[in-house]
Amino acid sequence: MCIGCVQKEYPDRGNTCLENGSYLMNFVGCANCHQRDFVLVSNKTSVDEDGEEIVTYLHTCKNCDHIIARHEYTFSVVDDYQEYTMLCMLCGKAEDSISVLPDDPRQTAPLF
Ligand SMILES: [Zn+2]
Ligand SMILES: [Zn+2]
């Protein structure tokens with residue numbers, strides 16, 4: 001992981017949990033090759049641990065394969081809520097919970 005590649009380490013992202021992709025707003029450029037090239041997602045893995053799904057991957061520089069940050073995303077269901085967390089030096093930290101009940105008004109108005 002590389003502090004020189006990001007503007008801010010672990011920025012607070014509120015409830016924006018990314019399961020894929022990169023938060024390019026926080027990417028200042030590769031500290032190794034000094035290019036601001038595409039950020040690739042690599043070594044993506046997903047494991048299920050006692051009902052909690054943990055997705056991890058690496059953000060790497062397209063130009064030189066330098067590892068910019070390691071991304072961790074978790075998903076679990078606690079009671080009637082789906083809990084999401086994200087922790088990544090590049091993408092920041094965030095957590096969210098969404099009710100699984102059908103009458104949750106948030107479910108009828110998805111944000112994406
Ligand atoms: Zn690079
Ligand atoms: Zn990330």
# chains A, B, ... in the order shown; residues from 1 in each chain; ligands from 1

call {"tool": "residues_near_ligand", "arguments": {"ligand": "ligand 1", "cutoff": "9 Å", "atoms": "only C-alpha atoms and all ligand atoms", "output": "number ranges by chain"}}
result
A: 29-37, 60-68

call {"tool": "residues_near_ligand", "arguments": {"ligand": "ligand 2", "cutoff": "6 Å", "atoms": "only C-alpha atoms and all ligand atoms", "output": "MDAnalysis selection string"}}
result
chainID A and resid 22 71 88 90:91

call {"tool": "write_last_selection", "arguments": {"atoms": "N, CA and C atoms", "output": "PDB file, in the first residue's frame"}}
result
ATOM      1  N   SER A  22     -12.705   1.970  -8.300  1.00  0.00           N
ATOM      2  CA  SER A  22     -11.731   2.774  -7.574  1.00  0.00           C
ATOM      3  C   SER A  22     -12.253   4.194  -7.416  1.00  0.00           C
ATOM      4  N   HIS A  71      -8.188  -3.016  -0.923  1.00  0.00           N
ATOM      5  CA  HIS A  71      -9.578  -2.664  -0.692  1.00  0.00           C
ATOM      6  C   HIS A  71     -10.292  -3.810   0.023  1.00  0.00           C
ATOM      7  N   CYS A  88     -10.560   1.159   2.764  1.00  0.00           N
ATOM      8  CA  CYS A  88      -9.543   1.218   1.716  1.00  0.00           C
ATOM      9  C   CYS A  88      -8.821   2.560   1.817  1.00  0.00           C
ATOM     10  N   LEU A  90      -7.428   4.172  -0.505  1.00  0.00           N
ATOM     11  CA  LEU A  90      -7.788   5.001  -1.651  1.00  0.00           C
ATOM     12  C   LEU A  90      -9.267   5.392  -1.625  1.00  0.00           C
ATOM     13  N   CYS A  91     -10.135   4.418  -1.444  1.00  0.00           N
ATOM     14  CA  CYS A  91     -11.575   4.654  -1.541  1.00  0.00           C
ATOM     15  C   CYS A  91     -12.174   5.177  -0.241  1.00  0.00           C
TER      16      CYS A  91
END

call {"tool": "closest_residue", "arguments": {"among": "A:Ser42, A:Ser97, A:Thr56, A:Gln7", "to": "Tyr73 in chain A", "atoms": "only C-alpha atoms"}}
result
A:Thr56

call {"tool": "residues_around", "arguments": {"residues": "Ala69 in chain A", "least_positions_apart": "4", "cutoff": "7 Å", "atoms": "only C-alpha atoms", "output": "list of chain:residue names"}}
result
A:Met1, A:Cys2, A:Leu58, A:His59, A:Cys88, A:Met89, A:Leu90

call {"tool": "write_last_selection", "arguments": {"atoms": "C-alpha atoms", "output": "tab-separated table (two decimals), in the first residue's frame"}}
result
chain	number	residue	atom	x	y	z
A	1	MET	CA	0.00	0.00	0.00
A	2	CYS	CA	1.25	3.43	-0.82
A	58	LEU	CA	-5.92	-4.54	-4.86
A	59	HIS	CA	-5.78	-1.24	-6.68
A	88	CYS	CA	-9.54	1.22	1.72
A	89	MET	CA	-6.73	3.76	1.77
A	90	LEU	CA	-7.79	5.00	-1.65

call {"tool": "select_by_dssp", "arguments": {"residues": "chain A", "states": "helix (DSSP H, G or I)", "output": "list in words"}}
result
Ile3, Gly4, Cys5, Leu24, Met25, Asn26, Pro105, Arg106, Gln107 and Thr108 of chain A

call {"tool": "atom_distance", "arguments": {"atom1": "CA of Asp96 in chain A", "atom2": "CA of Pro11 in chain A"}}
result
15.4 Å

call {"tool": "closest_residue", "arguments": {"among": "A:Leu24, A:Leu40, A:Glu49, A:Leu18", "to": "Tyr84 in chain A", "atoms": "only C-alpha atoms"}}
result
A:Leu18

call {"tool": "select_by_dssp", "arguments": {"residues": "chain A", "states": "strand (DSSP E or B)", "output": "ChimeraX atom specification"}}
result
/A:6,12,27,39-49,52-61,67-78,81-88,92-99

call {"tool": "write_last_selection", "arguments": {"atoms": "N, CA and C atoms", "output": "short mmCIF file (atom, residue, chain, number, x, y, z; two decimals), in the first residue's frame"}}
result
data_model
loop_
_atom_site.label_atom_id
_atom_site.label_comp_id
_atom_site.auth_asym_id
_atom_site.auth_seq_id
_atom_site.Cartn_x
_atom_site.Cartn_y
_atom_site.Cartn_z
N VAL A 6 -2.13 8.64 -2.79
CA VAL A 6 -3.47 9.15 -2.48
C VAL A 6 -3.39 10.55 -1.89
N ASP A 12 -13.30 9.75 4.78
CA ASP A 12 -14.61 9.35 5.27
C ASP A 12 -15.63 9.47 4.13
N PHE A 27 -7.12 9.75 -6.01
CA PHE A 27 -5.87 9.25 -6.58
C PHE A 27 -5.07 10.41 -7.16
N VAL A 39 -6.37 3.07 -12.89
CA VAL A 39 -6.18 2.21 -11.73
C VAL A 39 -6.89 0.90 -12.01
N LEU A 40 -6.16 -0.17 -11.94
CA LEU A 40 -6.75 -1.48 -12.18
C LEU A 40 -7.18 -2.13 -10.87
N VAL A 41 -8.17 -3.00 -10.98
CA VAL A 41 -8.58 -3.82 -9.85
C VAL A 41 -8.06 -5.22 -10.11
N SER A 42 -7.28 -5.75 -9.15
CA SER A 42 -6.71 -7.07 -9.38
C SER A 42 -6.77 -7.92 -8.12
N ASN A 43 -6.53 -9.19 -8.28
CA ASN A 43 -6.52 -10.16 -7.18
C ASN A 43 -7.82 -10.12 -6.38
N LYS A 44 -8.93 -9.96 -7.07
CA LYS A 44 -10.20 -9.85 -6.34
C LYS A 44 -10.60 -11.22 -5.79
N THR A 45 -10.90 -11.25 -4.52
CA THR A 45 -11.35 -12.50 -3.89
C THR A 45 -12.60 -12.23 -3.08
N SER A 46 -13.38 -13.26 -2.90
CA SER A 46 -14.60 -13.15 -2.13
C SER A 46 -14.71 -14.38 -1.26
N VAL A 47 -14.79 -14.19 0.05
CA VAL A 47 -14.94 -15.33 0.94
C VAL A 47 -16.17 -15.14 1.81
N ASP A 48 -16.71 -16.26 2.22
CA ASP A 48 -17.89 -16.24 3.08
C ASP A 48 -17.48 -16.77 4.44
N GLU A 49 -17.58 -15.91 5.46
CA GLU A 49 -17.17 -16.32 6.79
C GLU A 49 -18.33 -16.16 7.76
N GLU A 52 -20.87 -13.77 6.76
CA GLU A 52 -20.38 -12.47 6.35
C GLU A 52 -19.55 -12.63 5.08
N GLU A 53 -19.90 -11.87 4.07
CA GLU A 53 -19.15 -11.94 2.82
C GLU A 53 -18.07 -10.87 2.84
N ILE A 54 -16.83 -11.29 2.57
CA ILE A 54 -15.72 -10.35 2.58
C ILE A 54 -15.09 -10.33 1.20
N VAL A 55 -15.11 -9.17 0.59
CA VAL A 55 -14.53 -9.01 -0.74
C VAL A 55 -13.27 -8.16 -0.60
N THR A 56 -12.16 -8.67 -1.10
CA THR A 56 -10.94 -7.87 -1.05
C THR A 56 -10.32 -7.82 -2.45
N TYR A 57 -9.71 -6.70 -2.75
CA TYR A 57 -8.95 -6.62 -4.00
C TYR A 57 -7.88 -5.55 -3.86
N LEU A 58 -7.01 -5.51 -4.86
CA LEU A 58 -5.92 -4.54 -4.86
C LEU A 58 -6.16 -3.51 -5.95
N HIS A 59 -5.82 -2.26 -5.65
CA HIS A 59 -5.78 -1.24 -6.68
C HIS A 59 -4.33 -1.18 -7.16
N THR A 60 -4.13 -1.41 -8.44
CA THR A 60 -2.76 -1.37 -8.96
C THR A 60 -2.67 -0.39 -10.13
N CYS A 61 -1.46 0.12 -10.33
CA CYS A 61 -1.19 1.04 -11.43
C CYS A 61 -1.15 0.26 -12.75
N ILE A 67 1.32 -1.40 -6.38
CA ILE A 67 0.12 -1.57 -5.56
C ILE A 67 -0.20 -0.26 -4.85
N ILE A 68 -1.33 0.32 -5.20
CA ILE A 68 -1.72 1.61 -4.64
C ILE A 68 -2.42 1.42 -3.30
N ALA A 69 -3.34 0.49 -3.24
CA ALA A 69 -4.08 0.27 -2.00
C ALA A 69 -4.73 -1.10 -2.03
N ARG A 70 -5.07 -1.56 -0.84
CA ARG A 70 -5.81 -2.82 -0.70
C ARG A 70 -7.22 -2.47 -0.24
N HIS A 71 -8.19 -3.02 -0.92
CA HIS A 71 -9.58 -2.66 -0.69
C HIS A 71 -10.29 -3.81 0.02
N GLU A 72 -11.05 -3.47 1.05
CA GLU A 72 -11.85 -4.49 1.73
C GLU A 72 -13.30 -4.04 1.84
N TYR A 73 -14.18 -4.92 1.47
CA TYR A 73 -15.61 -4.66 1.49
C TYR A 73 -16.28 -5.83 2.17
N THR A 74 -17.18 -5.56 3.10
CA THR A 74 -17.88 -6.67 3.74
C THR A 74 -19.38 -6.48 3.63
N PHE A 75 -20.07 -7.59 3.63
CA PHE A 75 -21.52 -7.58 3.54
C PHE A 75 -22.05 -8.66 4.47
N SER A 76 -23.01 -8.30 5.29
CA SER A 76 -23.63 -9.30 6.16
C SER A 76 -25.06 -8.89 6.45
N VAL A 77 -25.83 -9.85 6.90
CA VAL A 77 -27.21 -9.56 7.28
C VAL A 77 -27.33 -9.73 8.78
N VAL A 78 -27.69 -8.66 9.48
CA VAL A 78 -27.86 -8.68 10.91
C VAL A 78 -29.31 -8.33 11.21
N TYR A 81 -31.44 -6.20 8.80
CA TYR A 81 -30.65 -5.21 8.07
C TYR A 81 -29.48 -5.83 7.32
N GLN A 82 -29.25 -5.31 6.13
CA GLN A 82 -28.05 -5.67 5.40
C GLN A 82 -26.99 -4.65 5.76
N GLU A 83 -25.88 -5.13 6.28
CA GLU A 83 -24.81 -4.24 6.71
C GLU A 83 -23.67 -4.28 5.71
N TYR A 84 -23.23 -3.10 5.32
CA TYR A 84 -22.11 -3.00 4.38
C TYR A 84 -20.99 -2.19 5.03
N THR A 85 -19.76 -2.60 4.83
CA THR A 85 -18.64 -1.76 5.25
C THR A 85 -17.59 -1.74 4.15
N MET A 86 -16.84 -0.67 4.12
CA MET A 86 -15.74 -0.57 3.17
C MET A 86 -14.55 0.03 3.90
N LEU A 87 -13.36 -0.49 3.61
CA LEU A 87 -12.15 0.07 4.18
C LEU A 87 -11.05 0.00 3.14
N CYS A 88 -10.56 1.16 2.76
CA CYS A 88 -9.54 1.22 1.72
C CYS A 88 -8.82 2.56 1.82
N GLY A 92 -11.46 5.00 0.87
CA GLY A 92 -11.93 5.53 2.13
C GLY A 92 -12.67 4.50 2.96
N LYS A 93 -13.28 5.00 4.03
CA LYS A 93 -14.04 4.11 4.90
C LYS A 93 -15.50 4.55 4.91
N ALA A 94 -16.36 3.55 4.95
CA ALA A 94 -17.78 3.82 4.91
C ALA A 94 -18.53 2.65 5.49
N GLU A 95 -19.73 2.90 5.98
CA GLU A 95 -20.61 1.81 6.38
C GLU A 95 -22.04 2.20 6.12
N ASP A 96 -22.85 1.19 5.84
CA ASP A 96 -24.24 1.44 5.50
C ASP A 96 -25.05 0.26 5.98
N SER A 97 -26.30 0.53 6.30
CA SER A 97 -27.21 -0.58 6.60
C SER A 97 -28.54 -0.29 5.93
N ILE A 98 -29.08 -1.33 5.32
CA ILE A 98 -30.33 -1.20 4.57
C ILE A 98 -31.30 -2.24 5.08
N SER A 99 -32.51 -1.83 5.37
CA SER A 99 -33.51 -2.76 5.85
C SER A 99 -33.89 -3.74 4.75
#

call {"tool": "atom_distance", "arguments": {"atom1": "CA of Asp80 in chain A", "atom2": "CA of Val100 in chain A"}}
result
5.5 Å

call {"tool": "atom_distance", "arguments": {"atom1": "CA of Asn15 in chain A", "atom2": "CA of Phe38 in chain A"}}
result
24.9 Å
